[in-house]
file coords22.cif (mmCIF, C-alpha atoms)
data_protein
#
loop_
_atom_site.label_atom_id
_atom_site.label_comp_id
_atom_site.auth_asym_id
_atom_site.auth_seq_id
_atom_site.Cartn_x
_atom_site.Cartn_y
_atom_site.Cartn_z
CA MET N 1 -24.59 0.79 -39.72
CA ARG N 2 -21.37 2.47 -40.78
CA ASN N 3 -18.49 2.80 -38.37
CA SER N 4 -17.06 6.27 -38.18
CA ALA N 5 -13.32 6.88 -38.58
CA LYS N 6 -13.23 7.77 -34.89
CA ASP N 7 -14.68 4.35 -33.92
CA GLN N 8 -12.19 2.58 -36.17
CA ASN N 9 -9.25 4.51 -34.67
CA ALA N 10 -10.48 3.80 -31.13
CA GLY N 11 -10.47 0.08 -31.92
CA LYS N 12 -6.94 0.31 -33.31
CA SER N 13 -5.55 2.19 -30.30
CA SER N 14 -7.16 -0.30 -27.92
CA GLN N 15 -5.77 -3.19 -29.93
CA SER N 16 -2.33 -1.57 -30.01
CA PHE N 17 -2.39 -1.16 -26.24
CA GLN N 18 -3.16 -4.84 -25.75
CA GLU N 19 -0.59 -5.90 -28.32
CA GLN N 20 2.05 -3.78 -26.58
CA ARG N 21 1.14 -5.30 -23.24
CA VAL N 22 1.37 -8.84 -24.66
CA GLU N 23 4.85 -8.10 -25.97
CA ALA N 24 5.93 -6.59 -22.65
CA GLY N 25 4.40 -9.24 -20.39
CA SER N 26 2.05 -12.16 -20.11
CA TRP N 27 -1.52 -12.31 -21.39
CA ASP N 28 -2.70 -12.43 -17.76
CA LYS N 29 -1.13 -9.02 -17.27
CA VAL N 30 -3.06 -7.68 -20.29
CA GLN N 31 -6.32 -8.98 -18.90
CA ASP N 32 -5.52 -7.58 -15.45
CA CYS N 33 -4.69 -4.15 -16.88
CA THR N 34 -7.78 -4.16 -19.06
CA ALA N 35 -9.87 -4.79 -15.94
CA ALA N 36 -7.93 -2.14 -14.00
CA PHE N 37 -8.71 0.48 -16.63
CA ALA N 38 -12.47 0.05 -16.35
CA PRO N 39 -12.73 3.12 -14.06
CA ARG N 40 -16.28 2.82 -12.78
CA GLN N 41 -16.05 -0.89 -12.07
CA GLN N 42 -12.60 -0.64 -10.47
CA HIS N 43 -13.66 2.31 -8.31
CA ILE N 44 -16.51 0.28 -6.87
CA VAL N 45 -14.26 -2.70 -6.22
CA LEU N 46 -11.57 -0.59 -4.53
CA TYR N 47 -14.13 1.28 -2.45
CA LYS N 48 -15.64 -1.97 -1.27
CA GLU N 49 -12.25 -3.45 -0.49
CA VAL N 50 -10.75 -0.54 1.46
CA SER N 51 -13.80 1.17 2.92
CA PRO N 52 -13.24 2.11 6.57
CA TYR N 53 -16.82 1.09 7.29
CA GLU N 54 -16.13 -2.55 6.50
CA GLN N 55 -15.33 -4.94 9.31
CA ILE N 56 -11.78 -5.56 8.08
CA ALA N 57 -10.93 -7.43 11.25
CA ASN N 58 -13.37 -10.15 10.16
CA TRP N 59 -11.85 -10.58 6.71
CA THR N 60 -9.96 -13.76 6.03
CA ALA N 61 -6.29 -13.63 5.08
CA LEU N 62 -7.22 -14.67 1.56
CA GLU N 63 -9.61 -11.70 1.19
CA LEU N 64 -6.89 -9.31 2.39
CA LEU N 65 -4.35 -10.74 -0.04
CA ARG N 66 -6.82 -10.49 -2.93
CA SER N 67 -7.38 -6.85 -1.99
CA LEU N 68 -3.63 -6.24 -2.10
CA ASP N 69 -3.42 -7.97 -5.47
CA LYS N 70 -6.14 -5.71 -6.88
CA LEU N 71 -4.64 -2.58 -5.38
CA TYR N 72 -1.15 -3.41 -6.65
CA ASN N 73 -2.49 -4.32 -10.10
CA PHE N 74 -4.41 -1.05 -10.32
CA ALA N 75 -1.35 1.02 -9.32
CA ASP N 76 0.97 -0.95 -11.61
CA CYS N 77 -1.34 -0.71 -14.63
CA SER N 78 -1.83 3.00 -13.98
CA GLY N 79 1.92 3.58 -13.96
CA LEU N 80 1.92 4.47 -10.26
CA HIS N 81 4.23 3.26 -7.51
CA LEU N 82 2.43 1.83 -4.48
CA ILE N 83 3.36 2.97 -0.98
CA PHE N 84 1.61 0.61 1.40
CA ALA N 85 0.89 1.73 4.98
CA LEU N 86 1.07 -1.10 7.50
CA ASN N 87 -1.08 -0.98 10.62
CA ALA N 88 0.93 0.77 13.34
CA LEU N 89 -1.83 0.31 15.91
CA ARG N 90 -1.39 -3.46 16.19
CA ARG N 91 0.35 -3.48 19.55
CA ASN N 92 1.83 -6.01 21.93
CA PRO N 93 1.04 -5.74 25.66
CA ASN N 94 4.30 -3.74 26.18
CA ASN N 95 3.09 -1.24 23.50
CA SER N 96 5.69 -2.36 20.94
CA TRP N 97 4.48 -2.87 17.39
CA ASN N 98 3.07 -6.34 16.63
CA SER N 99 4.64 -7.10 13.27
CA SER N 100 3.37 -10.66 12.76
CA ASN N 101 0.77 -9.71 10.12
CA ALA N 102 3.22 -7.34 8.45
CA LEU N 103 5.81 -10.08 8.06
CA SER N 104 3.26 -12.37 6.42
CA LEU N 105 2.23 -9.57 4.07
CA LEU N 106 5.87 -8.77 3.21
CA LYS N 107 6.57 -12.42 2.41
CA TYR N 108 3.45 -12.68 0.26
CA SER N 109 4.27 -9.45 -1.62
CA ALA N 110 7.84 -10.63 -2.20
CA SER N 111 6.59 -13.97 -3.55
CA LYS N 112 4.55 -11.99 -6.10
CA LYS N 113 7.57 -9.75 -6.84
CA TYR N 114 5.55 -6.63 -6.06
CA ASN N 115 7.60 -3.43 -6.21
CA ILE N 116 6.23 -1.64 -3.16
CA SER N 117 7.51 1.03 -0.78
CA TRP N 118 6.35 0.89 2.81
CA GLU N 119 5.06 3.13 5.55
CA LEU N 120 4.14 2.33 9.13
CA GLY N 121 0.78 3.81 9.99
CA ASN N 122 -0.70 7.08 8.83
CA GLU N 123 -0.84 10.38 10.70
CA PRO N 124 0.30 9.08 14.10
CA ASN N 125 -0.21 12.55 15.58
CA ASN N 126 -3.97 11.95 15.23
CA TYR N 127 -4.12 8.44 16.72
CA ARG N 128 -5.42 9.59 20.11
CA ALA N 129 -8.21 11.69 18.57
CA LEU N 130 -9.21 8.97 16.09
CA THR N 131 -8.80 5.79 18.12
CA GLY N 132 -8.26 6.81 21.74
CA ARG N 133 -4.77 5.26 21.64
CA ALA N 134 -1.46 7.00 21.17
CA VAL N 135 2.08 5.98 20.30
CA ASN N 136 4.86 8.32 21.37
CA GLY N 137 7.65 9.33 18.99
CA THR N 138 10.36 7.22 20.60
CA GLN N 139 8.24 4.08 20.42
CA LEU N 140 7.21 4.88 16.85
CA GLY N 141 10.89 5.31 15.94
CA LYS N 142 11.66 1.88 17.44
CA ASP N 143 8.75 0.45 15.47
CA TYR N 144 10.18 1.92 12.27
CA MET N 145 13.52 0.32 13.05
CA GLN N 146 11.73 -3.00 13.57
CA LEU N 147 10.03 -2.61 10.19
CA LYS N 148 13.36 -1.71 8.57
CA SER N 149 14.83 -4.94 10.04
CA LEU N 150 11.92 -6.95 8.61
CA LEU N 151 12.43 -5.39 5.20
CA GLN N 152 16.12 -6.31 5.29
CA LEU N 153 15.24 -9.94 6.02
CA ILE N 154 13.36 -10.19 2.73
CA ARG N 155 15.61 -9.92 -0.28
CA THR N 156 12.97 -8.28 -2.49
CA TYR N 157 12.55 -5.44 0.02
CA SER N 158 16.06 -5.13 1.44
CA ARG N 159 16.45 -1.83 -0.46
CA ALA N 160 12.79 -0.78 -0.49
CA SER N 161 11.93 2.77 0.48
CA LEU N 162 10.48 3.27 3.93
CA TYR N 163 8.41 6.43 4.40
CA GLY N 164 6.94 8.14 7.39
CA PRO N 165 5.71 9.06 9.76
CA ASN N 166 3.22 10.86 7.55
CA ILE N 167 2.04 13.87 9.53
CA GLY N 168 -1.19 15.59 8.56
CA ARG N 169 -2.27 18.95 9.95
CA PRO N 170 0.83 19.61 12.09
CA ARG N 171 0.06 20.78 15.61
CA LYS N 172 1.93 21.17 18.90
CA ASN N 173 2.49 17.46 19.50
CA VAL N 174 4.10 16.92 16.09
CA VAL N 175 7.50 18.38 17.01
CA SER N 176 7.91 16.10 20.03
CA LEU N 177 6.65 13.13 18.00
CA LEU N 178 9.19 13.76 15.22
CA ASP N 179 11.98 14.43 17.75
CA GLY N 180 11.25 11.05 19.33
CA VAL N 181 11.24 9.29 15.96
CA CYS N 182 14.54 10.93 14.96
CA SER N 183 16.25 10.11 18.24
CA ALA N 184 15.13 6.47 18.06
CA THR N 185 16.10 5.96 14.41
CA GLY N 186 19.45 7.77 14.58
CA LYS N 187 21.04 8.07 11.17
CA THR N 188 18.87 5.43 9.55
CA LYS N 189 17.39 6.70 6.30
CA ILE N 190 13.65 7.04 6.64
CA THR N 191 11.87 9.64 4.54
CA ILE N 192 9.71 11.78 6.80
CA ALA N 193 6.56 12.86 4.98
CA LEU N 194 4.85 16.07 6.04
#
call {"tool": "encode", "arguments": {"input": "coords22.cif", "output": "structure tokens"}}
result
Amino acid sequence: MRNSAKDQNAGKSSQSFQEQRVEAGSWDKVQDCTAAFAPRQQHIVLYKEVSPYEQIANWTALELLRSLDKLYNFADCSGLHLIFALNALRRNPNNSWNSSNALSLLKYSASKKYNISWELGNEPNNYRALTGRAVNGTQLGKDYMQLKSLLQLIRTYSRASLYGPNIGRPRKNVVSLLDGVCSATGKTKITIAL
């Protein structure tokens, strides 16, 4: 069978991509990016890893870290910057944010030199409707300050961007939530995402 010019050019561009990646980084990175660019396969893996229907609470720490590795690799190979939302609903008995898992994740990510921005939770104005639990704006602002302190403890993330609270479908409670966050954070730079 004869190869068409198109097939030969496709092989060259693929080879060039891998050669460029080898020059820019390690061979492991090339293999990781090659796997990340297999769209159908990667989609299935990411869906399985982050599906809300999974019992994430039963995952081991190793499984969670592998999921982060895959997610970061996919974003990095795609030329995207990862903004990772930490679980804002992990609460202590006094309703303050329980940051123990977040600190472990930050340390792990720093050890891998992952360039990540951070967010605490997602759409806190919908927590009550989705989970039956709510966090008021003042408490959420204090939680953001706690996360900012954690980020400053870890050299890799001392200047990392901190986003949030990400508000979807603004309604009446959003203004009071944002007022509470702003009063608790003062002049600290946190990018509020609407």
call {"tool": "closest_residue", "arguments": {"input": "coords22.cif", "among": "N:Ser183, N:Ser117, N:Asn126, N:Asn98", "to": "Gln146 in chain N", "atoms": "all atoms listed in the file"}}
result
N:Asn98
call {"tool": "closest_residue", "arguments": {"input": "coords22.cif", "among": "N:Pro124, N:Phe74, N:Phe84, N:Arg66", "to": "Pro165 in chain N", "atoms": "only C-alpha atoms"}}
result
N:Pro124
call {"tool": "atom_distance", "arguments": {"input": "coords22.cif", "atom1": "CA of Gly79 in chain N", "atom2": "CA of Ser111 in chain N"}}
result
20.9 Å
call {"tool": "atom_distance", "arguments": {"input": "coords22.cif", "atom1": "CA of Tyr144 in chain N", "atom2": "CA of Leu68 in chain N"}}
result
21.5 Å
call {"tool": "atom_distance", "arguments": {"input": "coords22.cif", "atom1": "CA of Arg155 in chain N", "atom2": "CA of Asn122 in chain N"}}
result
25.3 Å
call {"tool": "residues_around", "arguments": {"input": "coords22.cif", "residues": "Leu150 in chain N", "least_positions_apart": "2", "cutoff": "10 Å", "atoms": "only C-alpha atoms", "output": "PyMOL selection string"}}
result
chain N and resi 99+102-103+106-107+144-148+152-154+157-158
call {"tool": "residues_near_point", "arguments": {"input": "coords22.cif", "point": "(0.0, 3.8, -5.7)", "cutoff": "12 Å", "atoms": "only C-alpha atoms", "output": "PyMOL selection string"}}
result
chain N and resi 68+70-85+114-118
call {"tool": "resolve_selection", "arguments": {"input": "coords22.cif", "expression": "the PyMOL selection byres ((chain N and resi 139) around 12)", "output": "mmCIF file with C-alpha atoms, in the coordinates of the input"}}
result
data_model
loop_
_atom_site.group_PDB
_atom_site.id
_atom_site.type_symbol
_atom_site.label_atom_id
_atom_site.label_comp_id
_atom_site.auth_asym_id
_atom_site.auth_seq_id
_atom_site.Cartn_x
_atom_site.Cartn_y
_atom_site.Cartn_z
ATOM 1 C CA ALA N 88 0.930 0.770 13.340
ATOM 2 C CA LEU N 89 -1.830 0.310 15.910
ATOM 3 C CA ARG N 91 0.350 -3.480 19.550
ATOM 4 C CA ASN N 94 4.300 -3.740 26.180
ATOM 5 C CA ASN N 95 3.090 -1.240 23.500
ATOM 6 C CA SER N 96 5.690 -2.360 20.940
ATOM 7 C CA TRP N 97 4.480 -2.870 17.390
ATOM 8 C CA PRO N 124 0.300 9.080 14.100
ATOM 9 C CA ALA N 134 -1.460 7.000 21.170
ATOM 10 C CA VAL N 135 2.080 5.980 20.300
ATOM 11 C CA ASN N 136 4.860 8.320 21.370
ATOM 12 C CA GLY N 137 7.650 9.330 18.990
ATOM 13 C CA THR N 138 10.360 7.220 20.600
ATOM 14 C CA LEU N 140 7.210 4.880 16.850
ATOM 15 C CA GLY N 141 10.890 5.310 15.940
ATOM 16 C CA LYS N 142 11.660 1.880 17.440
ATOM 17 C CA ASP N 143 8.750 0.450 15.470
ATOM 18 C CA TYR N 144 10.180 1.920 12.270
ATOM 19 C CA MET N 145 13.520 0.320 13.050
ATOM 20 C CA GLN N 146 11.730 -3.000 13.570
ATOM 21 C CA LEU N 177 6.650 13.130 18.000
ATOM 22 C CA LEU N 178 9.190 13.760 15.220
ATOM 23 C CA ASP N 179 11.980 14.430 17.750
ATOM 24 C CA GLY N 180 11.250 11.050 19.330
ATOM 25 C CA VAL N 181 11.240 9.290 15.960
ATOM 26 C CA CYS N 182 14.540 10.930 14.960
ATOM 27 C CA SER N 183 16.250 10.110 18.240
ATOM 28 C CA ALA N 184 15.130 6.470 18.060
ATOM 29 C CA THR N 185 16.100 5.960 14.410
#
call {"tool": "closest_residue", "arguments": {"input": "coords22.cif", "among": "N:Ser104, N:Asn87, N:Ser67, N:Asn173", "to": "Asn125 in chain N", "atoms": "all atoms listed in the file"}}
result
N:Asn173
